[in-house]
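What follows is a set of notes on a single structure, which appears directly below.
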Amino acid sequence: MEEKVETPETKTTEAAVEAPVPQKDDSAVISPDLEFVNAVIKGGGESLKKCYQCATCSVVCNLTPADNPFPRKEMIYAQWGMKDKLFGNPDIWLCHQCSDCTAYCPRGAKPGEVLNAVRKLSIEKYAFPRFLGKAVGNPGALILLLAVPAVIFLIILAAIGHLDLAAIPRNELGQISYAKFLKSYYIDGVFVPIAMFAVISFAVGISRYWKDMSRASELTQGTSEKGLVSTILSTISDIVSHKRFEQCNVAKDRKLAHLLVFFSFIGLAITTTWAVVYLYGYEIMHAMGKTPYSWMLGESPYPLTDPVKILANASALGLLIGISLVISNRLKNKEKAGSGGYYDWLFINIVFLIMATGILSELIRLADIAVLAYVVYFIHLIVVFFLIAYAPFSKMAHMVYRATAMVFAKQTGRDIEIE
């Protein structure tokens, strides 16, 4: 019988055969950002840790793409504090907070509320300047934010000697005139710069967000055949029609409320522009030695039968109904969809105050109660300042960031088509 002789060579060969083949380690070490997790919880996503990844939320969502759906993966990212996976992610904005996911969640994890908190933190991240992004979402900073416009207008009123409200003269017809209280060029001298500031802030924030979405290429599925202009027009059509809200079940009533608020603001913006033409058109032609056109009425107040007043009052009425429906729907669906946090209600209350002080300013003026009319009008200027100056940092920014995410998603083949 032949005896097998072991040599160093055969031992090496056998050892190589028996030894396990080294495998490539694809695992990744995740270091949870607990500060971010706590920020999500504090910002309205207090139910975050209840999620046990059953994927019901993604199943019931009618707005999520079938390939790589949301919001299940976003709940994972939020639980693990993976903020980089969330901030450069268009899906957190493609979510319209229908709250179907929240209503059907078997654990009460409220994914809609969690994504809303993530959107708030996203706005803070891209905000310019960043300290305002944090301040607007902080209840402790509210008084300071309101004090800024109050002090500005008080300084102007003191400079022109109009702090004594009872001594403010009336116009030639003996009427209360807000133009006598505070000339339009003082108001425009404040609002034009803050509007420019808001536009610049939005531009910087959106630029930062777009770059992060572009870097997060794993979320893209290809390139749309549509050009960018066509994509933007398609997105505008989606926004104007609000047709995505029709895909919601629990909060389907939000469509009418949002439409009324949206178009009321458009109507009020047109009214403001129209009034500017009335005023400055009249003054410019007068300064040039020409007779102003008959429709250029100069300083307000304008007759209730004038087209600009009709549009203004119709828009104010639409805003009254719209924001009242927003509040009613919030309260009606709070058990299923969640009631929202400070950040949500701040925006709702500011819009409500703009509507209320705007309507009251006209009614009290018509009732000829001068001092009260000027006080209400002063408050109206403060809340309008708040809305415009802090728009890039408040929930009003949702419209801009969501539109940007929709354009990006359409361009990369990520979005779904809504018929």
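To be explicit about the labels: the chains of the structure tokens are called A, B, and onward in the order shown, and within each one the residues are counted from 1, while ligands get numbers from 1 in the order they are shown.
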Run DSSP on the backbone of this structure and report the residues of range 137-178 of chain A it assigns to alpha helix (DSSP H), as JSON, numbers by chain.
{"A": [142, 143, 144, 145, 146, 147, 148, 149, 150, 151, 152, 153, 154, 155, 156, 157, 158, 159, 178]}
Those residues with N, CA and C atoms, as a PDB file, in the first residue's frame please?
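Okay, again25.pdb is ready:
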ATOM      1  N   LEU A 142     -40.503  84.179  18.593  1.00  0.00           N
ATOM      2  CA  LEU A 142     -41.643  84.805  17.925  1.00  0.00           C
ATOM      3  C   LEU A 142     -41.775  86.294  18.263  1.00  0.00           C
ATOM      4  N   ILE A 143     -41.660  86.630  19.537  1.00  0.00           N
ATOM      5  CA  ILE A 143     -41.824  88.033  19.945  1.00  0.00           C
ATOM      6  C   ILE A 143     -40.770  88.910  19.280  1.00  0.00           C
ATOM      7  N   LEU A 144     -39.544  88.414  19.220  1.00  0.00           N
ATOM      8  CA  LEU A 144     -38.467  89.176  18.587  1.00  0.00           C
ATOM      9  C   LEU A 144     -38.727  89.363  17.097  1.00  0.00           C
ATOM     10  N   LEU A 145     -39.197  88.310  16.434  1.00  0.00           N
ATOM     11  CA  LEU A 145     -39.487  88.393  15.000  1.00  0.00           C
ATOM     12  C   LEU A 145     -40.601  89.397  14.709  1.00  0.00           C
ATOM     13  N   LEU A 146     -41.596  89.450  15.577  1.00  0.00           N
ATOM     14  CA  LEU A 146     -42.683  90.422  15.412  1.00  0.00           C
ATOM     15  C   LEU A 146     -42.232  91.835  15.791  1.00  0.00           C
ATOM     16  N   ALA A 147     -41.288  91.908  16.735  1.00  0.00           N
ATOM     17  CA  ALA A 147     -40.813  93.218  17.195  1.00  0.00           C
ATOM     18  C   ALA A 147     -40.056  93.964  16.104  1.00  0.00           C
ATOM     19  N   VAL A 148     -39.396  93.234  15.208  1.00  0.00           N
ATOM     20  CA  VAL A 148     -38.614  93.882  14.153  1.00  0.00           C
ATOM     21  C   VAL A 148     -39.476  94.814  13.299  1.00  0.00           C
ATOM     22  N   PRO A 149     -40.568  94.328  12.678  1.00  0.00           N
ATOM     23  CA  PRO A 149     -41.401  95.261  11.902  1.00  0.00           C
ATOM     24  C   PRO A 149     -42.090  96.302  12.769  1.00  0.00           C
ATOM     25  N   ALA A 150     -42.472  95.923  13.994  1.00  0.00           N
ATOM     26  CA  ALA A 150     -43.147  96.889  14.872  1.00  0.00           C
ATOM     27  C   ALA A 150     -42.238  98.080  15.153  1.00  0.00           C
ATOM     28  N   VAL A 151     -40.995  97.820  15.456  1.00  0.00           N
ATOM     29  CA  VAL A 151     -40.039  98.893  15.751  1.00  0.00           C
ATOM     30  C   VAL A 151     -39.779  99.740  14.507  1.00  0.00           C
ATOM     31  N   ILE A 152     -39.637  99.079  13.355  1.00  0.00           N
ATOM     32  CA  ILE A 152     -39.388  99.817  12.100  1.00  0.00           C
ATOM     33  C   ILE A 152     -40.502 100.816  11.826  1.00  0.00           C
ATOM     34  N   PHE A 153     -41.750 100.362  11.918  1.00  0.00           N
ATOM     35  CA  PHE A 153     -42.875 101.244  11.616  1.00  0.00           C
ATOM     36  C   PHE A 153     -43.091 102.294  12.709  1.00  0.00           C
ATOM     37  N   LEU A 154     -42.787 101.946  13.949  1.00  0.00           N
ATOM     38  CA  LEU A 154     -42.899 102.933  15.024  1.00  0.00           C
ATOM     39  C   LEU A 154     -41.879 104.057  14.838  1.00  0.00           C
ATOM     40  N   ILE A 155     -40.685 103.701  14.408  1.00  0.00           N
ATOM     41  CA  ILE A 155     -39.654 104.715  14.149  1.00  0.00           C
ATOM     42  C   ILE A 155     -40.107 105.652  13.032  1.00  0.00           C
ATOM     43  N   ILE A 156     -40.678 105.079  11.968  1.00  0.00           N
ATOM     44  CA  ILE A 156     -41.166 105.916  10.851  1.00  0.00           C
ATOM     45  C   ILE A 156     -42.285 106.839  11.322  1.00  0.00           C
ATOM     46  N   LEU A 157     -43.234 106.297  12.087  1.00  0.00           N
ATOM     47  CA  LEU A 157     -44.354 107.112  12.574  1.00  0.00           C
ATOM     48  C   LEU A 157     -43.862 108.219  13.505  1.00  0.00           C
ATOM     49  N   ALA A 158     -42.872 107.905  14.332  1.00  0.00           N
ATOM     50  CA  ALA A 158     -42.308 108.923  15.222  1.00  0.00           C
ATOM     51  C   ALA A 158     -41.613 110.008  14.423  1.00  0.00           C
ATOM     52  N   ALA A 159     -40.901 109.605  13.353  1.00  0.00           N
ATOM     53  CA  ALA A 159     -40.163 110.571  12.541  1.00  0.00           C
ATOM     54  C   ALA A 159     -41.083 111.543  11.817  1.00  0.00           C
ATOM     55  N   TYR A 178     -55.627 105.894   5.196  1.00  0.00           N
ATOM     56  CA  TYR A 178     -54.375 105.275   5.644  1.00  0.00           C
ATOM     57  C   TYR A 178     -53.172 105.905   4.950  1.00  0.00           C
TER      58      TYR A 178
END
Against range 271-279 of chain A, which residues of range 310-409 of chain A fall within 10 Å? For each one I want the closest pair of atoms and the distance in Å (one decimal), counting only C-alpha atoms, rows by chain and increasing residue number, as JSON lines.
{"residue": "A:Ile310", "atom": "CA", "partner": "A:Thr271", "partner_atom": "CA", "distance": 9.3}
{"residue": "A:Leu311", "atom": "CA", "partner": "A:Thr271", "partner_atom": "CA", "distance": 6.6}
{"residue": "A:Ala312", "atom": "CA", "partner": "A:Thr271", "partner_atom": "CA", "distance": 5.8}
{"residue": "A:Asn313", "atom": "CA", "partner": "A:Thr271", "partner_atom": "CA", "distance": 9.6}
{"residue": "A:Ser315", "atom": "CA", "partner": "A:Thr271", "partner_atom": "CA", "distance": 8.9}
Neighbouring residues of Ile168 in chain A were defined as those with any atom within 7 Å, considering only C-alpha atoms; residues of the same chain fewer than 6 positions away were excluded. Please report them as a ChimeraX atom specification.
/A:162,180-181
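Restricting the calculation to only C-alpha atoms, the smallest distance between His242 in chain A and any of A:Leu260, A:Val37, A:Val59, A:Ala373 is found for A:Leu260.
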Identify, on the basis of only C-alpha atoms, every residue whose closest approach to Cys61 in chain A does not exceed 12 Å; exclude the query and any residue fewer than 2 positions from it along the same chain; express the result as a VMD selection string.
chain A and resid 55 to 59 63 to 66 69 to 72 94 to 105 111 to 112 244 to 245 247 to 250
